[in-house]
Amino acid sequence: MITIEKSVVMNLEGAIRGARNPLNSWDRMDSFYDGDGNYILGENDLSLAKRLCKAGSDHRKFIRQILVSVDITAPMYWWKEFDTYKVATVANSTSTMHKIHSKPFELDDFSHDHLSKDAEEALLAFIKVLEQKRLSFVETKDKADWYDIIQLLPSSYNQTRTVTMNYENLLNMYFARRNHKLTEWHTYCDWIMRLPYTQELFLQD
């Protein structure tokens with residue numbers, strides 16, 4: 001499973017203004033803010049943005065200035081793949097080192113949406129062991145119990161991160177992962193395509 005929320009797109013205006021710097025064509029800017037504070041690309045600006053994206057990475061530098069902040073909750077096995085995209089991404093995560101013992105372990109702390117019945121029963125039994133270790137650590141502060149939890153924690157354990165990245169990151173992720181076997185990547189790529197102007201900029205013939 002994956003949950004994507006609180007996404008915010010920033011600096012679209014600055015990116016488009018910068019895209020016009022090479023030819024000093026600011027007088028052709030026709031974008032505007034609507035009543036809800038959203039920056040709407042005008043016909044001229046959208047046409048320029050699409051042409052630059054189609055021309056390749058050397059010309060689409062402006063999309064690196066379109067920033068996205070988002071909260072993502074996903075299993076560790078997904079985060080391990082996401083972490084291959086380290087260039088120009090920043091993330092603050094919930095801490096397993098400091099807070100893993102702060103609440104009881106529950107089934108929904110783990111991604112289990114594709115588990116068969118017997119596999120889910122095995123996970124429930126495993127969670128019971130983790131919870132016993134957690135309670136023991138809370139009571140005794142024995143570091144051996146804490147290590148048991150950390151080293152037993154399965155890759156299905158869900159972690160929340162607040163991530164900041166740019167449209168260039170998203171473009172690379174979309175084309176690298178849109179056909180991935182993990183459904184979490186399909187959900188993520190669908191989210192990318194719902195962001196402002198990603199379909200117009202990324203999916204050109």
# chains A, B, ... in the order shown; residues from 1 in each chain; ligands from 1
>>> residues_around(residues="range 1-4 of chain A", least_positions_apart="6", cutoff="9 Å", atoms="only C-alpha atoms", output="PyMOL selection string")
chain A and resi 70-75+78+110-114+158+160+183-185+187-188+191
>>> write_last_selection(atoms="C-alpha atoms", output="mmCIF file, in the first residue's frame")
data_model
loop_
_atom_site.group_PDB
_atom_site.id
_atom_site.type_symbol
_atom_site.label_atom_id
_atom_site.label_comp_id
_atom_site.auth_asym_id
_atom_site.auth_seq_id
_atom_site.Cartn_x
_atom_site.Cartn_y
_atom_site.Cartn_z
ATOM 1 C CA VAL A 70 4.328 15.720 -0.422
ATOM 2 C CA ASP A 71 3.743 13.304 2.460
ATOM 3 C CA ILE A 72 4.129 9.661 1.442
ATOM 4 C CA THR A 73 3.425 6.622 3.605
ATOM 5 C CA ALA A 74 4.776 3.439 2.045
ATOM 6 C CA PRO A 75 6.438 0.139 2.975
ATOM 7 C CA TRP A 78 9.089 0.592 -1.792
ATOM 8 C CA PHE A 110 2.442 -2.981 7.690
ATOM 9 C CA SER A 111 1.489 -3.239 4.024
ATOM 10 C CA HIS A 112 -0.676 -6.334 3.836
ATOM 11 C CA ASP A 113 -3.103 -5.565 1.005
ATOM 12 C CA HIS A 114 -1.771 -8.365 -1.225
ATOM 13 C CA ASN A 158 5.201 1.400 6.623
ATOM 14 C CA THR A 160 5.980 8.202 6.443
ATOM 15 C CA THR A 183 1.259 -1.573 -7.553
ATOM 16 C CA GLU A 184 2.654 1.150 -5.285
ATOM 17 C CA TRP A 185 4.593 2.529 -8.262
ATOM 18 C CA THR A 187 -0.358 4.573 -7.700
ATOM 19 C CA TYR A 188 2.621 6.930 -7.465
ATOM 20 C CA TRP A 191 -0.394 10.807 -8.733
#
>>> residues_around(residues="His101 in chain A", least_positions_apart="6", cutoff="10 Å", atoms="only C-alpha atoms", output="JSON, numbers by chain")
{"A": [130, 131, 133, 134, 135, 136, 137, 138, 146, 149, 150]}
>>> atom_distance(atom1="CA of Tyr197 in chain A", atom2="CA of Arg161 in chain A")
24.4 Å
>>> select_by_dssp(residues="chain A", states="strand (DSSP E)", output="number ranges by chain")
A: 3-10, 32-33, 39-40, 67-75, 90-93, 158-166
>>> write_last_selection(atoms="N, CA and C atoms", output="compact mmCIF listing (two decimals), in the first residue's frame")
# COMPACT_ATOMS: atom_id res chain seq x y z
N THR A 3 0.17 5.68 0.56
CA THR A 3 -0.71 6.82 0.75
C THR A 3 0.06 8.09 0.40
N ILE A 4 -0.53 8.91 -0.47
CA ILE A 4 0.11 10.13 -0.93
C ILE A 4 -0.83 11.28 -0.59
N GLU A 5 -0.37 12.22 0.22
CA GLU A 5 -1.25 13.30 0.66
C GLU A 5 -0.45 14.58 0.90
N LYS A 6 -1.22 15.66 1.06
CA LYS A 6 -0.65 16.99 1.35
C LYS A 6 0.35 17.43 0.27
N SER A 7 0.08 17.13 -0.98
CA SER A 7 1.00 17.53 -2.05
C SER A 7 0.78 19.00 -2.42
N VAL A 8 1.89 19.71 -2.58
CA VAL A 8 1.88 21.13 -2.93
C VAL A 8 2.90 21.36 -4.05
N VAL A 9 2.48 22.05 -5.10
CA VAL A 9 3.37 22.41 -6.21
C VAL A 9 3.73 23.89 -6.07
N MET A 10 5.02 24.19 -6.15
CA MET A 10 5.51 25.55 -5.90
C MET A 10 6.41 26.05 -7.03
N PHE A 32 -1.42 33.50 -15.33
CA PHE A 32 -2.09 34.32 -14.31
C PHE A 32 -2.51 33.43 -13.13
N TYR A 33 -2.85 34.06 -12.04
CA TYR A 33 -3.38 33.37 -10.87
C TYR A 33 -4.91 33.43 -10.90
N TYR A 39 -1.69 28.97 -10.17
CA TYR A 39 -1.04 29.61 -11.30
C TYR A 39 -1.43 28.87 -12.57
N ILE A 40 -2.10 29.57 -13.46
CA ILE A 40 -2.64 28.99 -14.69
C ILE A 40 -1.76 29.41 -15.87
N LEU A 67 8.85 22.88 -7.95
CA LEU A 67 9.07 22.07 -6.76
C LEU A 67 7.78 21.44 -6.26
N VAL A 68 7.91 20.27 -5.67
CA VAL A 68 6.77 19.55 -5.11
C VAL A 68 7.12 19.11 -3.69
N SER A 69 6.22 19.36 -2.76
CA SER A 69 6.33 18.82 -1.41
C SER A 69 5.14 17.89 -1.18
N VAL A 70 5.39 16.71 -0.59
CA VAL A 70 4.33 15.72 -0.42
C VAL A 70 4.64 14.79 0.74
N ASP A 71 3.61 14.33 1.42
CA ASP A 71 3.74 13.30 2.46
C ASP A 71 3.40 11.95 1.86
N ILE A 72 4.33 11.00 1.99
CA ILE A 72 4.13 9.66 1.44
C ILE A 72 4.29 8.64 2.57
N THR A 73 3.32 7.77 2.70
CA THR A 73 3.43 6.62 3.60
C THR A 73 3.48 5.36 2.75
N ALA A 74 4.56 4.60 2.90
CA ALA A 74 4.78 3.44 2.05
C ALA A 74 5.65 2.43 2.77
N PRO A 75 5.61 1.17 2.33
CA PRO A 75 6.44 0.14 2.98
C PRO A 75 7.92 0.33 2.67
N VAL A 90 14.85 15.65 -1.21
CA VAL A 90 15.11 15.77 0.22
C VAL A 90 13.93 15.15 0.95
N ALA A 91 14.21 14.40 2.04
CA ALA A 91 13.12 13.76 2.77
C ALA A 91 13.40 13.76 4.27
N ASN A 92 12.35 14.01 5.04
CA ASN A 92 12.38 13.82 6.48
C ASN A 92 11.41 12.70 6.82
N SER A 93 11.89 11.68 7.51
CA SER A 93 11.07 10.50 7.76
C SER A 93 10.75 10.34 9.24
N ASN A 158 5.48 0.13 7.29
CA ASN A 158 5.20 1.40 6.62
C ASN A 158 5.93 2.56 7.31
N GLN A 159 6.48 3.43 6.49
CA GLN A 159 7.15 4.63 7.01
C GLN A 159 6.59 5.85 6.28
N THR A 160 6.43 6.95 7.03
CA THR A 160 5.98 8.20 6.44
C THR A 160 7.16 9.15 6.27
N ARG A 161 7.24 9.75 5.09
CA ARG A 161 8.27 10.75 4.82
C ARG A 161 7.64 11.97 4.17
N THR A 162 8.12 13.14 4.54
CA THR A 162 7.79 14.37 3.81
C THR A 162 8.91 14.60 2.82
N VAL A 163 8.57 14.57 1.54
CA VAL A 163 9.56 14.61 0.47
C VAL A 163 9.43 15.89 -0.34
N THR A 164 10.57 16.50 -0.65
CA THR A 164 10.61 17.64 -1.56
C THR A 164 11.44 17.26 -2.78
N MET A 165 10.91 17.51 -3.96
CA MET A 165 11.60 17.15 -5.20
C MET A 165 11.12 18.10 -6.29
N ASN A 166 11.56 17.86 -7.52
CA ASN A 166 11.14 18.75 -8.61
C ASN A 166 10.58 17.95 -9.78
>>> atom_distance(atom1="CA of Glu139 in chain A", atom2="CA of Lys99 in chain A")
15.1 Å
>>> select_by_dssp(residues="range 45-182 of chain A", states="helix (DSSP H, G or I)", output="PyMOL selection string")
chain A and resi 45-54+61-65+76-82+96-99+107-109+117-140+143-152+167-177
>>> atom_distance(atom1="CA of Asp34 in chain A", atom2="CA of Arg17 in chain A")
17.6 Å
>>> closest_residue(among="A:Tyr167, A:Phe82, A:Phe105, A:Asn38", to="Lys61 in chain A", atoms="only C-alpha atoms")
A:Tyr167
>>> decode(residues="range 88-143 of chain A", atoms="C-alpha atoms", output="compact mmCIF listing (two decimals), in the first residue's frame")
# COMPACT_ATOMS: atom_id res chain seq x y z
CA ALA A 88 17.70 16.91 -5.89
CA THR A 89 15.34 15.11 -3.52
CA VAL A 90 15.11 15.77 0.22
CA ALA A 91 13.12 13.76 2.77
CA ASN A 92 12.38 13.82 6.48
CA SER A 93 11.07 10.50 7.76
CA THR A 94 9.44 9.16 10.88
CA SER A 95 12.14 7.53 12.98
CA THR A 96 12.38 3.80 13.62
CA MET A 97 15.48 4.43 15.73
CA HIS A 98 13.79 6.73 18.24
CA LYS A 99 10.05 6.05 18.03
CA ILE A 100 9.61 2.39 17.06
CA HIS A 101 8.64 1.52 20.64
CA SER A 102 6.30 4.47 21.24
CA LYS A 103 3.04 2.79 20.15
CA PRO A 104 1.66 -0.76 19.96
CA PHE A 105 2.32 -2.69 16.77
CA GLU A 106 -0.85 -3.14 14.69
CA LEU A 107 -1.63 -4.87 11.41
CA ASP A 108 -2.06 -1.57 9.58
CA ASP A 109 1.50 -0.57 10.49
CA PHE A 110 2.44 -2.98 7.69
CA SER A 111 1.49 -3.24 4.02
CA HIS A 112 -0.68 -6.33 3.84
CA ASP A 113 -3.10 -5.56 1.00
CA HIS A 114 -1.77 -8.36 -1.22
CA LEU A 115 -1.22 -11.05 1.42
CA SER A 116 -2.96 -14.39 1.16
CA LYS A 117 -4.94 -15.50 4.20
CA ASP A 118 -2.23 -17.80 5.56
CA ALA A 119 0.45 -15.17 4.98
CA GLU A 120 -1.60 -12.56 6.86
CA GLU A 121 -2.03 -15.01 9.74
CA ALA A 122 1.76 -15.44 9.81
CA LEU A 123 2.19 -11.66 9.86
CA LEU A 124 -0.26 -11.36 12.76
CA ALA A 125 1.72 -13.95 14.71
CA PHE A 126 4.91 -12.04 13.92
CA ILE A 127 3.34 -8.77 15.06
CA LYS A 128 2.51 -10.44 18.36
CA VAL A 129 6.22 -11.24 18.85
CA LEU A 130 7.20 -7.67 17.98
CA GLU A 131 4.65 -6.32 20.44
CA GLN A 132 5.98 -8.56 23.22
CA LYS A 133 9.48 -7.27 22.52
CA ARG A 134 8.20 -3.69 22.50
CA LEU A 135 6.46 -4.07 25.86
CA SER A 136 9.57 -5.66 27.32
CA PHE A 137 11.73 -2.78 26.09
CA VAL A 138 9.31 -0.16 27.45
CA GLU A 139 9.42 -1.84 30.84
CA THR A 140 13.10 -2.74 31.13
CA LYS A 141 14.87 -0.48 28.58
CA ASP A 142 16.94 -3.54 27.72
CA LYS A 143 18.71 -2.66 24.46
